[in-house]
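Dropping model16.cif in here (mmCIF, C-alpha atoms):
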```cif
data_model
#
loop_
_atom_site.group_PDB
_atom_site.id
_atom_site.type_symbol
_atom_site.label_atom_id
_atom_site.label_comp_id
_atom_site.auth_asym_id
_atom_site.auth_seq_id
_atom_site.Cartn_x
_atom_site.Cartn_y
_atom_site.Cartn_z
ATOM 1 C CA VAL A 18 16.148 -3.905 -4.637
ATOM 2 C CA HIS A 19 15.930 -1.584 -1.652
ATOM 3 C CA GLU A 20 18.860 -0.343 0.387
ATOM 4 C CA ARG A 21 17.506 -1.728 3.614
ATOM 5 C CA MET A 22 17.552 -4.849 5.710
ATOM 6 C CA SER A 23 14.318 -6.866 5.590
ATOM 7 C CA VAL A 24 12.896 -8.633 8.647
ATOM 8 C CA GLU A 25 9.688 -10.665 8.401
ATOM 9 C CA ILE A 26 7.767 -9.960 11.597
ATOM 10 C CA PHE A 27 4.866 -12.331 11.009
ATOM 11 C CA ARG A 28 3.411 -14.620 8.382
ATOM 12 C CA GLY A 29 -0.180 -14.968 7.292
ATOM 13 C CA CYS A 30 -3.099 -12.509 7.213
ATOM 14 C CA THR A 31 -6.629 -12.342 8.584
ATOM 15 C CA ARG A 32 -8.057 -9.835 6.115
ATOM 16 C CA GLY A 33 -9.286 -12.198 3.394
ATOM 17 C CA CYS A 34 -8.939 -9.981 0.320
ATOM 18 C CA ARG A 35 -10.323 -12.085 -2.537
ATOM 19 C CA PHE A 36 -7.466 -11.394 -4.964
ATOM 20 C CA CYS A 37 -4.595 -12.186 -2.571
ATOM 21 C CA GLN A 38 -2.960 -15.586 -2.945
ATOM 22 C CA ALA A 39 -0.452 -15.109 -0.127
ATOM 23 C CA GLY A 40 -3.216 -14.188 2.305
ATOM 24 C CA MET A 41 -5.033 -17.434 1.489
ATOM 25 C CA ILE A 42 -2.183 -19.933 1.468
ATOM 26 C CA THR A 43 -0.015 -18.680 4.357
ATOM 27 C CA ARG A 44 -2.676 -18.981 7.049
ATOM 28 C CA PRO A 45 -2.813 -19.076 10.034
ATOM 29 C CA VAL A 46 -1.151 -15.918 11.310
ATOM 30 C CA ARG A 47 2.128 -16.648 13.140
ATOM 31 C CA GLU A 48 3.818 -13.703 14.824
ATOM 32 C CA ARG A 49 7.477 -13.407 15.729
ATOM 33 C CA SER A 50 8.116 -12.215 19.279
ATOM 34 C CA ILE A 51 9.546 -8.808 20.134
ATOM 35 C CA THR A 52 12.663 -10.551 21.422
ATOM 36 C CA GLY A 53 13.087 -12.619 18.277
ATOM 37 C CA ILE A 54 12.635 -9.611 16.014
ATOM 38 C CA GLY A 55 15.119 -7.601 18.074
ATOM 39 C CA GLU A 56 17.737 -10.344 17.800
ATOM 40 C CA MET A 57 17.262 -10.614 14.028
ATOM 41 C CA VAL A 58 17.608 -6.859 13.583
ATOM 42 C CA ASP A 59 20.715 -6.715 15.778
ATOM 43 C CA LYS A 60 22.467 -9.560 13.950
ATOM 44 C CA GLY A 61 21.420 -8.260 10.544
ATOM 45 C CA LEU A 62 22.647 -4.720 11.089
ATOM 46 C CA LYS A 63 26.000 -5.953 12.390
ATOM 47 C CA ALA A 64 26.395 -8.261 9.394
ATOM 48 C CA THR A 65 25.278 -5.855 6.661
ATOM 49 C CA GLY A 66 25.867 -2.263 7.683
ATOM 50 C CA PHE A 67 22.426 -1.189 6.454
ATOM 51 C CA GLU A 68 20.998 2.009 7.938
ATOM 52 C CA GLU A 69 17.334 1.135 7.518
ATOM 53 C CA VAL A 70 15.222 -1.847 8.574
ATOM 54 C CA GLY A 71 12.031 -2.876 6.795
ATOM 55 C CA LEU A 72 9.509 -4.623 9.064
ATOM 56 C CA LEU A 73 7.824 -6.863 6.516
ATOM 57 C CA SER A 74 4.703 -9.025 6.324
ATOM 58 C CA LEU A 75 1.446 -9.003 4.390
ATOM 59 C CA SER A 76 0.117 -6.382 6.810
ATOM 60 C CA SER A 77 2.831 -5.325 9.235
ATOM 61 C CA ALA A 78 0.744 -2.817 11.183
ATOM 62 C CA ASP A 79 -1.538 -5.732 12.180
ATOM 63 C CA HIS A 80 1.133 -7.290 14.413
ATOM 64 C CA THR A 81 -0.409 -7.252 17.892
ATOM 65 C CA GLU A 82 2.703 -5.607 19.367
ATOM 66 C CA ILE A 83 3.766 -3.418 16.438
ATOM 67 C CA GLY A 84 3.764 -0.239 18.549
ATOM 68 C CA ASP A 85 6.102 -1.738 21.140
ATOM 69 C CA ILE A 86 8.301 -3.236 18.399
ATOM 70 C CA ALA A 87 8.713 0.121 16.647
ATOM 71 C CA LYS A 88 9.320 2.049 19.866
ATOM 72 C CA GLY A 89 11.823 -0.503 21.153
ATOM 73 C CA LEU A 90 13.838 -0.484 17.936
ATOM 74 C CA ALA A 91 13.695 3.310 17.627
ATOM 75 C CA ASP A 92 14.935 3.650 21.227
ATOM 76 C CA ARG A 93 17.734 1.128 20.723
ATOM 77 C CA TYR A 94 19.109 2.698 17.549
ATOM 78 C CA THR A 95 18.587 6.387 18.283
ATOM 79 C CA GLU A 96 22.306 7.164 18.321
ATOM 80 C CA ASP A 97 23.003 5.054 15.221
ATOM 81 C CA LYS A 98 20.256 6.838 13.255
ATOM 82 C CA VAL A 99 18.868 3.542 11.990
ATOM 83 C CA GLY A 100 15.571 4.176 10.207
ATOM 84 C CA LEU A 101 12.503 1.924 10.304
ATOM 85 C CA SER A 102 9.944 1.381 7.563
ATOM 86 C CA LEU A 103 6.735 -0.547 6.986
ATOM 87 C CA PRO A 104 5.447 -1.660 3.607
ATOM 88 C CA SER A 105 2.027 -0.406 2.510
ATOM 89 C CA THR A 106 -0.071 0.246 5.605
ATOM 90 C CA ARG A 107 -3.728 -0.658 6.015
ATOM 91 C CA VAL A 108 -5.797 2.498 6.251
ATOM 92 C CA ASP A 109 -7.611 1.214 9.335
ATOM 93 C CA ALA A 110 -4.373 0.085 11.013
ATOM 94 C CA PHE A 111 -2.549 3.408 10.652
ATOM 95 C CA ASN A 112 -1.621 5.133 13.871
ATOM 96 C CA ILE A 113 0.143 8.490 14.031
ATOM 97 C CA ASP A 114 2.128 7.422 17.102
ATOM 98 C CA LEU A 115 3.370 4.388 15.177
ATOM 99 C CA ALA A 116 4.254 6.534 12.179
ATOM 100 C CA ASN A 117 6.200 8.940 14.386
ATOM 101 C CA GLU A 118 8.210 6.068 15.875
ATOM 102 C CA LEU A 119 9.013 4.778 12.396
ATOM 103 C CA THR A 120 10.398 8.147 11.313
ATOM 104 C CA ARG A 121 12.102 9.144 14.570
ATOM 105 C CA ASN A 122 15.610 8.062 13.540
ATOM 106 C CA GLY A 123 15.297 8.523 9.802
ATOM 107 C CA ARG A 124 13.857 10.848 7.221
ATOM 108 C CA ARG A 125 10.142 11.505 7.049
ATOM 109 C CA SER A 126 9.330 9.826 3.771
ATOM 110 C CA GLY A 127 5.940 9.342 2.176
ATOM 111 C CA LEU A 128 3.270 7.072 3.594
ATOM 112 C CA THR A 129 1.824 4.270 1.481
ATOM 113 C CA PHE A 130 -1.728 2.931 1.614
ATOM 114 C CA ALA A 131 -3.490 0.372 -0.579
ATOM 115 C CA PRO A 132 -7.210 0.989 -1.156
ATOM 116 C CA GLU A 133 -6.871 -1.332 -4.230
ATOM 117 C CA GLY A 134 -10.164 -0.173 -5.752
ATOM 118 C CA GLY A 135 -11.302 3.308 -6.689
ATOM 119 C CA SER A 136 -14.997 2.899 -5.907
ATOM 120 C CA GLU A 137 -16.842 1.680 -2.822
ATOM 121 C CA ARG A 138 -18.607 -0.900 -4.999
ATOM 122 C CA ILE A 139 -15.432 -2.529 -6.324
ATOM 123 C CA ARG A 140 -13.843 -2.573 -2.857
ATOM 124 C CA LYS A 141 -16.845 -4.573 -1.623
ATOM 125 C CA VAL A 142 -16.399 -6.979 -4.536
ATOM 126 C CA ILE A 143 -12.778 -7.682 -3.569
ATOM 127 C CA ASN A 144 -13.548 -7.657 0.191
ATOM 128 C CA LYS A 145 -11.274 -4.682 0.814
ATOM 129 C CA MET A 146 -13.487 -3.126 3.433
ATOM 130 C CA VAL A 147 -12.015 0.356 3.559
ATOM 131 C CA SER A 148 -14.217 3.379 2.919
ATOM 132 C CA GLU A 149 -13.095 6.616 1.329
ATOM 133 C CA GLU A 150 -14.056 8.326 4.589
ATOM 134 C CA ASP A 151 -11.560 6.071 6.408
ATOM 135 C CA LEU A 152 -8.850 7.020 3.923
ATOM 136 C CA ILE A 153 -9.544 10.755 4.069
ATOM 137 C CA ARG A 154 -9.557 10.670 7.868
ATOM 138 C CA THR A 155 -6.228 8.851 7.883
ATOM 139 C CA VAL A 156 -4.457 11.091 5.372
ATOM 140 C CA SER A 157 -5.872 14.138 7.158
ATOM 141 C CA THR A 158 -4.102 12.973 10.310
ATOM 142 C CA ALA A 159 -0.889 12.363 8.378
ATOM 143 C CA TYR A 160 -0.867 15.674 6.525
ATOM 144 C CA GLY A 161 -1.820 17.488 9.717
ATOM 145 C CA ASN A 162 1.224 15.950 11.455
ATOM 146 C CA GLY A 163 3.805 17.059 8.942
ATOM 147 C CA TRP A 164 3.729 14.525 6.135
ATOM 148 C CA ARG A 165 3.648 15.966 2.637
ATOM 149 C CA GLN A 166 3.385 12.891 0.434
ATOM 150 C CA VAL A 167 1.068 9.891 0.298
ATOM 151 C CA LYS A 168 1.192 7.004 -2.156
ATOM 152 C CA LEU A 169 -1.949 5.028 -2.986
ATOM 153 C CA TYR A 170 -1.888 1.562 -4.575
ATOM 154 C CA PHE A 171 -4.729 0.351 -6.808
ATOM 155 C CA MET A 172 -5.469 -2.448 -9.255
ATOM 156 C CA CYS A 173 -7.023 -2.307 -12.717
ATOM 157 C CA GLY A 174 -8.986 -5.155 -14.277
ATOM 158 C CA LEU A 175 -10.715 -6.475 -11.148
ATOM 159 C CA PRO A 176 -13.792 -8.705 -11.605
ATOM 160 C CA THR A 177 -16.949 -6.716 -12.553
ATOM 161 C CA GLU A 178 -14.844 -3.535 -12.902
ATOM 162 C CA THR A 179 -16.066 -0.747 -15.182
ATOM 163 C CA ASP A 180 -14.454 2.415 -16.512
ATOM 164 C CA ASP A 181 -16.267 4.375 -13.813
ATOM 165 C CA ASP A 182 -14.700 2.294 -11.020
ATOM 166 C CA VAL A 183 -11.243 3.197 -12.357
ATOM 167 C CA LEU A 184 -12.058 6.850 -12.994
ATOM 168 C CA GLN A 185 -13.078 7.184 -9.345
ATOM 169 C CA ILE A 186 -9.395 6.621 -8.485
ATOM 170 C CA GLY A 187 -8.850 10.127 -9.826
ATOM 171 C CA ASP A 188 -11.649 11.493 -7.642
ATOM 172 C CA MET A 189 -10.116 9.858 -4.585
ATOM 173 C CA ALA A 190 -6.692 11.345 -5.326
ATOM 174 C CA VAL A 191 -8.238 14.819 -5.741
ATOM 175 C CA ASN A 192 -10.041 14.477 -2.408
ATOM 176 C CA VAL A 193 -6.774 13.424 -0.741
ATOM 177 C CA ILE A 194 -4.930 16.476 -2.110
ATOM 178 C CA ALA A 195 -7.770 18.823 -1.164
ATOM 179 C CA GLU A 196 -7.836 17.475 2.403
ATOM 180 C CA GLY A 197 -4.050 17.729 2.668
ATOM 181 C CA ARG A 198 -4.052 21.348 1.572
ATOM 182 C CA LYS A 199 -6.850 22.172 3.982
ATOM 183 C CA VAL A 200 -5.354 20.656 7.137
ATOM 184 C CA SER A 201 -1.744 21.684 6.437
ATOM 185 C CA GLY A 202 -2.362 25.109 4.968
ATOM 186 C CA GLN A 203 0.264 24.263 2.359
ATOM 187 C CA ASN A 204 0.134 23.666 -1.389
ATOM 188 C CA ASP A 205 3.185 21.388 -1.605
ATOM 189 C CA ILE A 206 0.997 18.339 -0.922
ATOM 190 C CA ARG A 207 1.583 15.313 -3.151
ATOM 191 C CA CYS A 208 -0.369 12.139 -3.825
ATOM 192 C CA THR A 209 1.048 9.434 -6.075
ATOM 193 C CA VAL A 210 -1.347 6.933 -7.617
ATOM 194 C CA SER A 211 0.303 3.617 -8.491
ATOM 195 C CA ILE A 212 -1.704 1.027 -10.441
ATOM 196 C CA GLY A 213 -0.981 -2.608 -11.218
ATOM 197 C CA GLY A 214 -2.997 -5.047 -13.294
ATOM 198 C CA PHE A 215 -5.167 -7.725 -11.696
ATOM 199 C CA VAL A 216 -3.943 -11.273 -12.321
ATOM 200 C CA PRO A 217 -6.224 -14.097 -11.088
ATOM 201 C CA LYS A 218 -4.291 -16.372 -8.731
ATOM 202 C CA PRO A 219 -4.869 -20.057 -7.844
ATOM 203 C CA HIS A 220 -6.327 -20.859 -4.413
ATOM 204 C CA THR A 221 -8.187 -17.537 -4.243
ATOM 205 C CA PRO A 222 -11.909 -16.821 -4.703
ATOM 206 C CA PHE A 223 -10.992 -15.084 -7.979
ATOM 207 C CA GLN A 224 -8.913 -17.933 -9.419
ATOM 208 C CA TRP A 225 -11.310 -18.500 -12.344
ATOM 209 C CA ALA A 226 -12.053 -14.822 -12.989
ATOM 210 C CA PRO A 227 -11.144 -13.607 -16.495
ATOM 211 C CA GLN A 228 -8.158 -11.317 -16.929
ATOM 212 C CA LEU A 229 -8.638 -8.009 -18.695
ATOM 213 C CA SER A 230 -6.902 -7.847 -22.076
ATOM 214 C CA ALA A 231 -3.842 -5.655 -22.529
ATOM 215 C CA GLU A 232 -5.755 -3.405 -24.911
ATOM 216 C CA GLU A 233 -8.664 -2.926 -22.501
ATOM 217 C CA THR A 234 -6.284 -2.266 -19.610
ATOM 218 C CA ASP A 235 -4.352 0.355 -21.567
ATOM 219 C CA ALA A 236 -7.550 2.056 -22.725
ATOM 220 C CA ARG A 237 -8.990 2.191 -19.204
ATOM 221 C CA LEU A 238 -5.790 3.610 -17.720
ATOM 222 C CA ALA A 239 -5.477 6.147 -20.546
ATOM 223 C CA LYS A 240 -8.886 7.530 -19.581
ATOM 224 C CA LEU A 241 -7.781 7.848 -15.983
ATOM 225 C CA ARG A 242 -4.486 9.487 -16.988
ATOM 226 C CA ASP A 243 -6.327 12.029 -19.130
ATOM 227 C CA LYS A 244 -8.745 12.787 -16.298
ATOM 228 C CA ILE A 245 -5.923 13.436 -13.835
ATOM 229 C CA ARG A 246 -3.857 15.516 -16.264
ATOM 230 C CA GLY A 247 -6.915 17.524 -17.256
ATOM 231 C CA ASP A 248 -7.560 18.708 -13.705
ATOM 232 C CA LYS A 249 -6.116 22.217 -13.618
ATOM 233 C CA LYS A 250 -6.454 22.656 -9.868
ATOM 234 C CA TYR A 251 -5.090 19.353 -8.571
ATOM 235 C CA GLY A 252 -3.567 17.471 -11.499
ATOM 236 C CA ARG A 253 -0.013 18.743 -11.000
ATOM 237 C CA SER A 254 -0.032 17.471 -7.411
ATOM 238 C CA ILE A 255 -0.992 13.916 -8.439
ATOM 239 C CA GLY A 256 1.681 11.524 -9.623
ATOM 240 C CA PHE A 257 0.508 8.691 -11.887
ATOM 241 C CA ARG A 258 2.418 5.437 -12.233
ATOM 242 C CA TYR A 259 1.106 2.295 -13.865
ATOM 243 C CA HIS A 260 2.114 -0.880 -15.667
ATOM 244 C CA ASP A 261 0.773 -1.238 -19.194
ATOM 245 C CA GLY A 262 -1.308 -4.258 -20.082
ATOM 246 C CA LYS A 263 1.171 -6.609 -21.776
ATOM 247 C CA PRO A 264 3.415 -7.404 -18.759
ATOM 248 C CA GLY A 265 0.266 -8.292 -16.809
ATOM 249 C CA ILE A 266 -0.719 -10.816 -19.468
ATOM 250 C CA VAL A 267 2.764 -12.349 -19.322
ATOM 251 C CA GLU A 268 2.496 -12.534 -15.533
ATOM 252 C CA GLY A 269 -0.795 -14.404 -15.912
ATOM 253 C CA LEU A 270 0.547 -17.068 -18.285
ATOM 254 C CA PRO A 271 2.150 -19.372 -15.667
ATOM 255 C CA VAL A 272 -0.889 -18.851 -13.447
ATOM 256 C CA SER A 273 -3.149 -20.040 -16.257
ATOM 257 C CA TYR A 274 -0.898 -23.058 -16.733
ATOM 258 C CA THR A 275 -1.261 -24.078 -13.072
ATOM 259 C CA HIS A 276 -5.060 -24.005 -13.472
#
```
Would you mind writing the file's structure down as structure tokens?
Amino acid sequence: VHERMSVEIFRGCTRGCRFCQAGMITRPVRERSITGIGEMVDKGLKATGFEEVGLLSLSSADHTEIGDIAKGLADRYTEDKVGLSLPSTRVDAFNIDLANELTRNGRRSGLTFAPEGGSERIRKVINKMVSEEDLIRTVSTAYGNGWRQVKLYFMCGLPTETDDDVLQIGDMAVNVIAEGRKVSGQNDIRCTVSIGGFVPKPHTPFQWAPQLSAEETDARLAKLRDKIRGDKKYGRSIGFRYHDGKPGIVEGLPVSYTH
């Protein structure tokens, strides 16, 4: 799908998000060594000719030696201009030095974070213990160091979710844009909101939670879309991407069967 070589740097996760099947069933955390990762990257680049390497896991910035891994690879491939990338980064694991290493040999693309829920209340429900203050502080650092685009991932249809929880996604995006404009002094700041539907997964605390109907999902996201588009000051700076409700129902069918 992506024009890059993928290297899994560790397996498992310690975060315990209640919706995440992979985080529950791939425990305990097992990290690959710096040496092992370096050998995989070297062999892979020689065999494929890719010019970018994705350092993959459920939470790549949580690798205990991620800073040394990124610096070592950036140093090794400086002349070859091989770029490095991480998948969505935990807000509380983001480090500007790490981000600079990841972009040293490649283009400075957008940064991706996954708050998952728009309100503090719903993030507590799903055990995604990231505050909006944490997010604003992180994006402030990013925008202040030259980034111009941030992507935020959320879910719709989480257990106990209300329209207000989803509408607060729009408020968060506005606050991100406002902070970016303030610290950078520029108006070309972008924030893309990407939303997927919640599907209850086996072997998670939410395995028996009901799934929101396609009609309810579409109605909830339409309200959020209208709120974002109706904001004259910030709306044009906020991208809005989402999956409609029906594919989410189809995704949930085999899950229901395994129950």
Stretch 93-102 of chain A, all listed atoms, 3 Å padding on each side: what axis-aligned box centre and edge lengths in Å to one decimal come out, as AutoDock Vina command-line options?
```
--center_x 16.5 --center_y 4.1 --center_z 14.1 --size_x 19.1 --size_y 12.0 --size_z 19.2
```
8 Å contact set for A:Thr221, only C-alpha atoms, chain neighbours under 2 positions out, as a CSV table (one decimal) with C-alpha atoms, keeping the file's coordinate frame:
```csv
chain,number,residue,atom,x,y,z
A,35,ARG,CA,-10.3,-12.1,-2.5
A,36,PHE,CA,-7.5,-11.4,-5.0
A,37,CYS,CA,-4.6,-12.2,-2.6
A,38,GLN,CA,-3.0,-15.6,-2.9
A,41,MET,CA,-5.0,-17.4,1.5
A,217,PRO,CA,-6.2,-14.1,-11.1
A,218,LYS,CA,-4.3,-16.4,-8.7
A,219,PRO,CA,-4.9,-20.1,-7.8
A,223,PHE,CA,-11.0,-15.1,-8.0
A,224,GLN,CA,-8.9,-17.9,-9.4
```
*Using all atoms listed in the file, pick whichever of A:Arg207, A:Arg121, A:Arg242, A:Lys141 has the shortest atom-to-atom distance to A:Tyr160.*
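Counting all atoms listed in the file, the residue closest to A:Tyr160 is A:Arg207.
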*List, as a PyMOL selection string, every residue that the PyMOL selection byres ((chain A and resi 100) around 7) selects in the file provided.*
chain A and resi 68-70+98-99+101-102+119-120+122-123
*Contacts of stretch 252-265 of chain A at 12 Å or less, counting only C-alpha atoms, minus same-chain residues fewer than 6 places along, as a PyMOL selection string?*
chain A and resi 165-174+186-195+197-198+203-217+228-239+241-246+271-272
*Report as a list in words the full result of the PyMOL selection byres ((chain A and resi 21) around 9) when it is applied to this structure.*
Val18, His19, Glu20, Met22, Ser23, Phe67, Glu68, Glu69, Val70 and Gly71 of chain A
